[in-house]
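Note: the block below is query.cif and it holds mmCIF, C-alpha atoms.
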data_my_file
loop_
_atom_site.label_atom_id
_atom_site.label_comp_id
_atom_site.auth_asym_id
_atom_site.auth_seq_id
_atom_site.Cartn_x
_atom_site.Cartn_y
_atom_site.Cartn_z
CA MET A 1 83.21 134.51 70.70
CA GLU A 2 85.28 132.31 72.97
CA ALA A 3 88.35 133.05 70.90
CA ASP A 4 87.61 136.76 71.28
CA PHE A 5 87.38 136.36 75.04
CA VAL A 6 90.72 134.52 75.18
CA GLY A 7 92.25 137.20 72.97
CA TRP A 8 90.88 139.97 75.21
CA LEU A 9 92.12 138.24 78.36
CA ASN A 10 95.50 137.48 76.87
CA GLY A 11 95.78 141.11 75.76
CA GLY A 12 96.11 142.08 79.42
CA MET A 13 99.43 140.31 79.61
CA GLY A 14 102.24 142.65 80.55
CA ALA A 15 100.01 145.05 82.48
CA TRP A 16 100.93 143.61 85.90
CA LYS A 17 104.30 141.93 86.10
CA PHE A 18 103.53 140.33 89.47
CA TRP A 19 100.39 138.70 88.07
CA ASP A 20 102.26 137.49 85.00
CA ASP A 21 105.03 135.99 87.16
CA PHE A 22 102.45 134.32 89.39
CA THR A 23 100.59 132.99 86.36
CA GLU A 24 103.79 131.70 84.83
CA ALA A 25 104.49 129.76 88.02
CA ILE A 26 101.01 128.33 88.49
CA VAL A 27 100.23 127.61 84.83
CA GLY A 28 102.88 124.90 84.58
CA ASP A 29 102.55 121.14 84.78
CA TYR A 30 104.28 120.77 88.12
CA LEU A 31 103.55 123.11 91.04
CA ALA A 32 99.77 122.76 91.26
CA PRO A 33 99.64 118.94 91.02
CA VAL A 34 102.53 118.60 93.46
CA PHE A 35 100.77 120.89 95.94
CA GLY A 36 97.47 119.03 95.61
CA SER A 37 99.16 115.67 96.00
CA LEU A 38 101.04 116.89 99.07
CA VAL A 39 97.70 117.74 100.65
CA LEU A 40 96.77 114.07 100.20
CA VAL A 41 100.08 113.04 101.82
CA GLY A 42 99.37 115.36 104.75
CA LEU A 43 95.86 113.94 105.17
CA TRP A 44 97.31 110.43 105.44
CA PHE A 45 99.01 111.42 108.70
CA SER A 46 96.32 113.78 110.02
CA GLY A 47 93.74 113.22 112.70
CA GLY A 48 93.60 110.33 115.11
CA GLY A 49 91.88 106.96 115.29
CA VAL A 50 88.70 106.90 113.22
CA THR A 51 89.41 110.38 111.85
CA ARG A 52 92.79 109.29 110.50
CA TYR A 53 91.20 106.22 108.93
CA ALA A 54 88.65 108.46 107.18
CA ASN A 55 91.42 110.81 106.07
CA GLN A 56 93.37 107.91 104.62
CA LEU A 57 90.29 106.88 102.66
CA THR A 58 90.18 110.47 101.38
CA THR A 59 93.80 110.15 100.24
CA ILE A 60 92.94 106.94 98.41
CA THR A 61 89.83 108.58 96.92
CA GLY A 62 91.84 111.59 95.72
CA THR A 63 94.52 109.42 94.14
CA MET A 64 91.92 107.25 92.45
CA GLY A 65 89.97 110.34 91.35
CA VAL A 66 93.04 111.79 89.63
CA GLY A 67 93.55 108.47 87.86
CA PHE A 68 89.92 108.41 86.70
CA ALA A 69 90.11 112.06 85.64
CA ASN A 70 93.19 111.36 83.51
CA GLY A 71 91.53 108.32 81.94
CA LEU A 72 88.32 110.19 81.14
CA THR A 73 90.26 113.14 79.72
CA ILE A 74 92.34 110.89 77.47
CA ALA A 75 89.13 109.22 76.26
CA ALA A 76 87.49 112.60 75.60
CA ASN A 77 90.64 113.90 73.85
CA SER A 78 90.51 110.93 71.51
CA LEU A 79 86.87 111.61 70.68
CA TRP A 80 87.13 115.35 70.07
CA PHE A 81 90.07 117.27 68.71
CA ARG A 82 90.08 121.01 69.15
CA ASP A 83 92.90 123.32 68.19
CA ARG A 84 94.50 125.39 70.91
CA PRO A 85 93.59 129.09 71.01
CA PHE A 86 97.07 130.18 69.91
CA VAL A 87 96.79 128.18 66.67
CA ASN A 88 94.38 130.65 65.06
CA ALA A 89 95.27 133.81 66.96
CA ASP A 90 98.35 135.82 67.72
CA LEU A 91 98.67 135.39 71.48
CA ASP A 92 101.43 135.96 74.02
CA LEU A 93 102.20 132.63 75.65
CA LEU A 94 103.58 132.03 79.14
CA PHE A 95 103.61 128.36 78.32
CA TYR A 96 104.97 126.00 75.71
CA ARG A 97 102.84 125.16 72.68
CA PRO A 98 101.03 121.88 73.40
CA THR A 99 100.12 119.80 70.35
CA ASP A 100 97.35 117.66 71.84
CA SER A 101 93.64 118.49 71.89
CA SER A 102 92.59 121.59 73.77
CA PHE A 103 89.27 120.02 74.81
CA PRO A 104 88.86 119.09 77.61
CA ALA A 105 91.53 120.64 79.86
CA ASN A 106 93.38 117.90 81.72
CA VAL A 107 94.63 120.33 84.36
CA ALA A 108 91.07 121.28 85.30
CA ALA A 109 90.08 117.61 85.45
CA VAL A 110 92.97 116.79 87.79
CA GLY A 111 92.56 119.93 89.90
CA PHE A 112 88.81 119.56 90.38
CA ALA A 113 89.12 115.82 91.02
CA LEU A 114 91.51 116.57 93.89
CA GLY A 115 89.31 119.39 95.17
CA THR A 116 86.13 117.33 95.11
CA ALA A 117 87.70 114.26 96.73
CA VAL A 118 88.93 116.38 99.63
CA PHE A 119 85.90 118.72 99.80
CA ILE A 120 83.57 115.81 100.57
CA ARG A 121 85.22 115.41 103.97
CA HIS A 122 87.18 118.64 104.55
CA ARG A 123 85.27 121.69 103.40
CA LYS A 124 87.99 124.32 104.00
CA VAL A 125 90.88 122.32 102.54
CA GLY A 126 88.66 121.26 99.66
CA LEU A 127 87.71 124.88 98.94
CA GLY A 128 91.42 125.74 98.93
CA LEU A 129 92.05 123.03 96.35
CA TYR A 130 89.06 124.22 94.30
CA LEU A 131 90.59 127.70 94.31
CA LEU A 132 93.92 126.25 93.19
CA ALA A 133 92.15 124.30 90.42
CA PHE A 134 90.29 127.44 89.32
CA LEU A 135 93.50 129.50 89.24
CA TRP A 136 95.29 126.74 87.36
CA GLY A 137 92.54 126.59 84.75
CA PHE A 138 92.23 130.38 84.55
CA ALA A 139 96.00 130.69 84.08
CA ARG A 140 95.79 128.31 81.13
CA VAL A 141 93.09 130.46 79.50
CA TYR A 142 95.01 133.67 80.27
CA SER A 143 98.12 132.09 78.76
CA GLY A 144 96.28 131.23 75.56
CA VAL A 145 96.52 127.42 75.73
CA HIS A 146 92.89 126.65 76.59
CA PHE A 147 89.42 128.01 75.89
CA PRO A 148 87.09 128.57 78.88
CA THR A 149 84.84 125.69 77.80
CA ASP A 150 87.88 123.36 77.81
CA VAL A 151 88.40 124.23 81.46
CA LEU A 152 84.70 123.94 82.24
CA ALA A 153 84.49 120.51 80.64
CA GLY A 154 87.67 119.46 82.45
CA ALA A 155 86.17 120.62 85.76
CA LEU A 156 83.02 118.58 85.13
CA ILE A 157 85.15 115.54 84.31
CA GLY A 158 87.18 116.08 87.48
CA VAL A 159 84.12 116.35 89.72
CA THR A 160 82.58 113.27 88.07
CA ALA A 161 85.83 111.32 88.44
CA ALA A 162 86.09 112.18 92.14
CA LEU A 163 82.46 111.21 92.78
CA LEU A 164 83.07 107.95 90.93
CA ALA A 165 86.17 107.33 93.04
CA THR A 166 84.17 108.07 96.21
CA LEU A 167 81.62 105.49 95.13
CA VAL A 168 84.30 102.90 94.36
CA VAL A 169 86.03 103.51 97.70
CA HIS A 170 82.68 103.22 99.48
CA GLN A 171 81.84 99.95 97.71
CA THR A 172 85.29 98.44 98.32
CA GLU A 173 85.77 99.72 101.85
CA PHE A 174 85.67 96.20 103.28
CA ILE A 175 88.80 95.43 101.24
CA LEU A 176 90.50 98.75 101.93
CA ARG A 177 89.88 98.30 105.66
CA ARG A 178 91.87 95.07 105.57
CA VAL A 179 94.62 96.56 103.43
CA LEU A 180 94.96 99.47 105.86
CA ALA A 181 94.94 97.05 108.80
CA VAL A 182 97.95 95.28 107.27
CA ALA A 183 99.64 98.63 106.56
CA ARG A 184 99.01 99.55 110.19
CA LEU A 185 101.09 96.58 111.31
CA PHE A 186 104.08 98.21 109.60
CA LEU A 187 103.09 101.69 110.82
CA PHE A 188 102.39 102.82 107.29
CA ALA A 189 98.78 103.70 108.07
CA MET B 1 119.15 119.19 81.20
CA PRO B 2 116.53 116.44 81.61
CA ASP B 3 118.45 114.96 84.54
CA GLU B 4 118.71 118.34 86.22
CA PHE B 5 115.01 118.96 85.65
CA LEU B 6 114.14 115.61 87.20
CA SER B 7 116.50 116.06 90.15
CA ASP B 8 114.98 119.48 90.87
CA TYR B 9 111.51 117.93 90.80
CA ILE B 10 112.66 115.19 93.18
CA LEU B 11 114.15 117.76 95.56
CA LEU B 12 110.93 119.81 95.50
CA VAL B 13 108.76 116.83 96.39
CA PHE B 14 111.23 115.34 98.88
CA PHE B 15 111.65 118.49 100.98
CA SER B 16 108.01 119.53 100.67
CA ALA B 17 106.85 116.09 101.79
CA ILE B 18 109.05 116.30 104.88
CA GLY B 19 107.56 119.71 105.67
CA VAL B 20 104.00 118.52 105.14
CA VAL B 21 104.49 115.46 107.36
CA GLN B 22 105.96 117.68 110.08
CA VAL B 23 102.90 119.95 109.95
CA ALA B 24 100.52 116.98 110.00
CA ALA B 25 102.43 115.31 112.85
CA ALA B 26 102.38 118.49 114.94
CA ARG B 27 98.66 119.04 114.36
CA SER B 28 97.83 115.41 115.14
CA GLY B 29 100.01 114.97 118.22
CA LEU B 30 102.37 112.46 116.62
CA ALA B 31 105.24 113.44 118.90
CA GLY B 32 107.43 110.54 117.82
CA LEU B 33 107.36 111.83 114.25
CA MET B 34 108.35 115.41 115.02
CA PHE B 35 111.88 116.77 114.74
CA LEU B 36 111.12 119.36 117.44
CA ARG B 37 108.93 117.24 119.69
CA GLN B 38 108.68 119.76 122.52
CA TRP B 39 107.62 122.60 120.24
CA PRO B 40 104.62 121.50 118.14
CA ARG B 41 103.70 125.06 117.17
CA ALA B 42 107.22 125.80 116.01
CA THR B 43 107.18 122.50 114.14
CA GLN B 44 104.06 123.58 112.27
CA TRP B 45 105.62 126.90 111.35
CA LEU B 46 108.94 125.43 110.28
CA GLY B 47 107.21 122.70 108.29
CA SER B 48 105.09 125.31 106.51
CA VAL B 49 108.13 127.48 105.83
CA GLN B 50 109.96 124.47 104.42
CA VAL B 51 107.12 123.86 101.95
CA VAL B 52 106.93 127.53 100.96
CA VAL B 53 110.71 127.78 100.48
CA ALA B 54 110.79 124.60 98.40
CA PHE B 55 107.98 125.88 96.14
CA ALA B 56 109.48 129.38 95.90
CA TRP B 57 112.86 127.93 94.94
CA TYR B 58 111.32 125.66 92.33
CA ALA B 59 109.19 128.46 90.86
CA THR B 60 111.95 131.06 90.66
CA ASP B 61 115.18 129.11 90.13
CA GLU B 62 114.62 128.33 86.44
CA PHE B 63 112.00 128.48 83.71
CA ARG B 64 110.02 125.28 84.27
CA ASN B 65 107.30 125.45 81.64
CA ILE B 66 108.82 123.01 79.21
CA PRO B 67 107.08 120.05 77.56
CA ASP B 68 107.95 116.43 78.23
CA THR B 69 109.29 116.26 74.67
CA ALA B 70 111.96 118.82 75.58
CA GLY B 71 113.16 117.58 78.93
CA GLY B 72 110.05 118.01 81.06
CA LEU B 73 108.10 115.23 82.75
CA ASP B 74 104.97 113.63 81.37
CA GLY B 75 102.08 112.77 83.66
CA ASN B 76 103.03 109.14 84.28
CA THR B 77 106.68 109.95 84.96
CA GLN B 78 105.60 112.71 87.26
CA ALA B 79 103.29 110.36 89.19
CA LEU B 80 106.05 107.79 89.53
CA TRP B 81 108.67 110.25 90.76
CA PHE B 82 106.21 111.99 93.04
CA SER B 83 105.46 108.66 94.74
CA LEU B 84 109.12 107.74 95.07
CA SER B 85 110.24 111.18 96.25
CA ALA B 86 107.39 111.66 98.72
CA GLY B 87 107.96 108.10 99.97
CA ALA B 88 111.65 108.91 100.45
CA GLY B 89 110.69 112.06 102.34
CA VAL B 90 108.39 110.08 104.64
CA ALA B 91 111.06 107.40 105.15
CA MET B 92 113.63 110.08 105.98
CA THR B 93 111.18 111.59 108.48
CA PHE B 94 110.67 108.18 110.11
CA LEU B 95 114.42 107.64 110.44
CA VAL B 96 115.49 111.11 111.56
CA SER B 97 112.65 111.47 114.07
CA SER B 98 113.48 108.01 115.44
CA VAL B 99 117.09 109.06 116.03
CA ILE B 100 116.21 112.47 117.51
CA ASN B 101 113.50 111.09 119.81
CA HIS B 102 115.22 107.81 120.66
CA ALA B 103 115.86 108.64 124.34
CA TRP B 104 112.39 110.10 124.88
CA ALA B 105 110.72 107.06 123.38
CA GLY B 106 112.63 104.83 125.78
CA LYS B 107 110.05 105.64 128.43
CA PRO B 108 106.68 105.11 126.74
CA SER B 109 103.69 106.51 128.59
CA TRP B 110 101.54 103.63 127.43
CA VAL B 111 101.97 99.90 127.77
CA PRO B 112 101.96 98.22 124.36
CA THR B 113 100.18 95.07 125.62
CA ASP B 114 97.53 96.99 127.48
CA GLY B 115 94.55 95.54 125.60
CA SER B 116 91.98 97.27 123.44
CA ASN B 117 93.16 100.81 124.10
CA THR B 118 96.61 100.07 122.72
CA PRO B 119 97.22 102.40 119.80
CA THR B 120 97.91 100.78 116.46
CA GLY B 121 99.64 101.91 113.30
CA ILE B 122 100.68 105.53 113.01
CA SER B 123 98.83 106.32 116.26
CA GLN B 124 101.66 104.59 118.15
CA LEU B 125 103.85 107.52 117.12
CA GLU B 126 101.99 109.67 119.64
CA HIS B 127 103.99 107.79 122.28
CA THR B 128 107.08 106.37 120.66
CA THR B 129 109.21 106.48 117.54
CA PHE B 130 108.81 104.60 114.29
CA VAL B 131 111.88 102.43 114.85
CA ARG B 132 110.97 101.58 118.45
CA ALA B 133 107.35 100.81 117.53
CA LEU B 134 108.45 98.64 114.63
CA ALA B 135 110.95 96.83 116.88
CA ALA B 136 108.19 96.23 119.46
CA GLN B 137 105.93 94.92 116.72
CA TRP B 138 108.68 92.60 115.51
CA ARG B 139 109.16 91.23 119.04
CA ARG B 140 105.41 90.62 119.32
CA TRP B 141 105.44 88.67 116.05
CA ARG B 142 108.34 86.58 117.26
CA GLY B 143 106.44 85.79 120.42
CA GLY B 144 108.66 87.71 122.81
CA ASP B 145 107.52 90.41 125.18
CA SER B 146 106.82 93.84 123.78
#
Could you express the structure from this file as structure tokens?
Amino acid sequence: MEADFVGWLNGGMGAWKFWDDFTEAIVGDYLAPVFGSLVLVGLWFSGGGVTRYANQLTTITGTMGVGFANGLTIAANSLWFRDRPFVNADLDLLFYRPTDSSFPANVAAVGFALGTAVFIRHRKVGLGLYLLAFLWGFARVYSGVHFPTDVLAGALIGVTAALLATLVVHQTEFILRRVLAVARLFLFA
Amino acid sequence: MPDEFLSDYILLVFFSAIGVVQVAAARSGLAGLMFLRQWPRATQWLGSVQVVVAFAWYATDEFRNIPDTAGGLDGNTQALWFSLSAGAGVAMTFLVSSVINHAWAGKPSWVPTDGSNTPTGISQLEHTTFVRALAAQWRRWRGGDS
């Protein structure tokens, strides 16, 4: 049933050139993570006083969350191997043919980890990153390299990873506060 | 091909990071970090345009959806080069804004040894430049006046 859905979705390829071009740009390994990471860079410099300190903790949380999301995805990939949708179906690809496990989708894990880490403190920016993560995951399904449940599982991993990172940052804040105080001496924080 | 792919990635991150820092500086009143200190709104716009142009160039210049086994970048390499390129962009911003705003920062509106209200860290860039603030910090460490 999932394969049918991917086939149906992928069958729409070619109907709207603009959408296909957009998907081809966003589906890749580079633009979406760079954009999300740049948001974290921007947060590092944003606000003033206590607000900037909180934003810098958000940057640390987001970075840590992405690391956790990657680790959890690698662990899950090693436990379950699932063929990509294009392996057993004739699909038009806007993407190269990955050989690793389809389940869970690493891009969704990374995207939703970034979105959750930021959403906790900045609702609007976080929603923007959630939208980006959704589009990134949707583009992968549309392009025939992931099933919807791969993306869903990746999203759950991403949210969990970001919440875990938030907890770690909260528990180690007394250390981070000192590290940031030292960085402040050199005007890095 | 791999080198060109990597250099394009570095350029994307480098120029985007500069744009993002300009937007953040303008929104947060970090005058000493802005290239157009007197025009914060224009700085926000130009910073945003810089990011959009960098992304548009990267997305349209070449076909980028290639695997790391064929000249693309794997996750770890990407993380490494993102950090280095964004760091270089921030460093370039610190240096260029320090040069552009050098004369303005010569007359700080706050006294660095003024007690508890003295800004610290990046907040100093609301009143002075990175190089001047770092020099003042260095003098404080060495026991001289600030």
Give me, as JSON lines, the closest atom pair and its distance (Å, one decimal) for every residue of chain B within a cut-off of 7 Å of chain A, counting all atoms listed in the file, rows sorted by chain and rising number.
{"residue": "B:Ala17", "atom": "CA", "partner": "A:Leu38", "partner_atom": "CA", "distance": 6.5}
{"residue": "B:Val20", "atom": "CA", "partner": "A:Gly42", "partner_atom": "CA", "distance": 5.6}
{"residue": "B:Val21", "atom": "CA", "partner": "A:Gly42", "partner_atom": "CA", "distance": 5.7}
{"residue": "B:Ala24", "atom": "CA", "partner": "A:Ser46", "partner_atom": "CA", "distance": 5.3}
{"residue": "B:Ala25", "atom": "CA", "partner": "A:Phe45", "partner_atom": "CA", "distance": 6.6}
{"residue": "B:Ser28", "atom": "CA", "partner": "A:Gly47", "partner_atom": "CA", "distance": 5.2}
{"residue": "B:Ala59", "atom": "CA", "partner": "A:Ala25", "partner_atom": "CA", "distance": 5.6}
{"residue": "B:Asn65", "atom": "CA", "partner": "A:Gly28", "partner_atom": "CA", "distance": 5.3}
{"residue": "B:Ile66", "atom": "CA", "partner": "A:Tyr96", "partner_atom": "CA", "distance": 6.0}
{"residue": "B:Pro67", "atom": "CA", "partner": "A:Tyr96", "partner_atom": "CA", "distance": 6.6}
{"residue": "B:Thr120", "atom": "CA", "partner": "A:Arg184", "partner_atom": "CA", "distance": 6.5}
{"residue": "B:Gly121", "atom": "CA", "partner": "A:Arg184", "partner_atom": "CA", "distance": 4.0}
{"residue": "B:Ile122", "atom": "CA", "partner": "A:Leu187", "partner_atom": "CA", "distance": 5.0}
{"residue": "B:Ser123", "atom": "CA", "partner": "A:Gly48", "partner_atom": "CA", "distance": 6.7}
{"residue": "B:Leu134", "atom": "CA", "partner": "A:Phe186", "partner_atom": "CA", "distance": 6.7}
Do a neighbour search on B:Leu36 at 9 Å with only C-alpha atoms, toss out local chain neighbours closer than 4 positions, and write the hits as JSON, numbers by chain. {"B": [31, 40, 42, 43, 97, 100, 101]}
Could you tell me, as a ChimeraX atom specification, which residues have any atom at most 9 Å from (110.2, 124.2, 100.6), counting only C-alpha atoms? /B:12-13,15-17,19,47-58
Neighbouring residues of stretch 71-73 of chain B were defined as those with any atom within 10 Å, considering all atoms listed in the file; residues of the same chain fewer than 6 positions away were excluded. Please report them as a list in words.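 Contacts, in chain order: Asp29 and Tyr30 of chain A; Met1, Pro2, Asp3, Glu4, Phe5, Leu6, Tyr9, Arg64, Asn65, Ala79 and Trp81 of chain B.
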When you look at stretch 91-95 of chain B with a cut-off of 7 Å (counting only C-alpha atoms), what residues show up, excluding the ones that are within fewer than 2 positions of it in the same chain? I need them as a ChimeraX atom specification. /B:18,33,87-89,97-99,130
Using the file's own x, y and z axes, what box holds all listed atoms of stretch 129-133 of chain B with 3 Å on each side, keeping edges along x, y and z, and what are its centre and edge lengths in Å to one decimal, as AutoDock Vina command-line options?
--center_x 109.6 --center_y 103.6 --center_z 116.4 --size_x 10.5 --size_y 11.7 --size_z 10.2
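Excluding B:His102 and any residue on its chain fewer than 3 positions from it, the residues at most 9 Å away by only C-alpha atoms are Gly32, Ser97, Ser98, Val99, Ala105, Gly106, Thr128, Thr129, Val131 and Arg132 of chain B.
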With the PyMOL selection byres ((chain A and resi 2) around 9) as the selection, what would be picked from this file? Answer as a list in words, please. Met1, Ala3, Asp4, Phe5, Val6, Gly7, Phe147, Pro148 and Thr149 of chain A
Would you compute the distance between atom CA of A:Trp136 and atom CA of A:Val107? Give it in Å to one decimal.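 We find that atom CA of A:Trp136 and atom CA of A:Val107 lie 7.1 Å from each other.
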Output of the PyMOL selection byres ((chain A and resi 169) around 12), listed as a list in words: Ala54, Gln56, Leu57, Thr58, Thr59, Ile60, Thr61, Gly62, Thr63, Met64, Gly65, Ala117, Ala162, Leu163, Leu164, Ala165, Thr166, Leu167, Val168, His170, Gln171, Thr172, Glu173, Phe174, Ile175, Leu176 and Arg177 of chain A
Fewer than 2 positions away in the same chain doesn't count, so skip those; otherwise give me all residues within 7 Å of A:Asn10, counting all atoms listed in the file, as a list of chain:residue names.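 Near A:Asn10, the qualifying residues are A:Val6, A:Gly7, A:Trp8, A:Gly12, A:Met13, A:Leu91, A:Asp92, A:Tyr142, A:Ser143, A:Gly144.
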Length of the atom CA of A:Gly11 to atom CA of A:Asp90 vector [Å]: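 Interatomic distance here is 10.0 Å.
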Pick out the closest residue to A:Asp83 from this set: A:Ser102, A:Phe68, A:Ala32, A:Ala155. Count all atoms listed in the file.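 Among A:Ser102, A:Phe68, A:Ala32, A:Ala155, it is A:Ser102 that comes nearest to A:Asp83.
Atom CA of A:Ala108 is positioned 18.4 Å from atom CA of A:Leu9.
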Could you check which of B:Val90, B:Ala103, B:Leu80, B:Ala136 is closest to B:Arg37, using all atoms listed in the file?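 For B:Arg37, the nearest of the given residues is B:Ala103.
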Counting all atoms listed in the file, the option among A:Val151, A:Asn106, A:Thr73, A:Asn55 closest to A:Arg121: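 Closest residue, counting all atoms listed in the file: A:Asn55.
Among the candidate residues B:Phe14, B:Arg27, B:Leu46, B:Gly75, the one lying nearest to A:Ile74 is B:Gly75, with distances computed using only C-alpha atoms.
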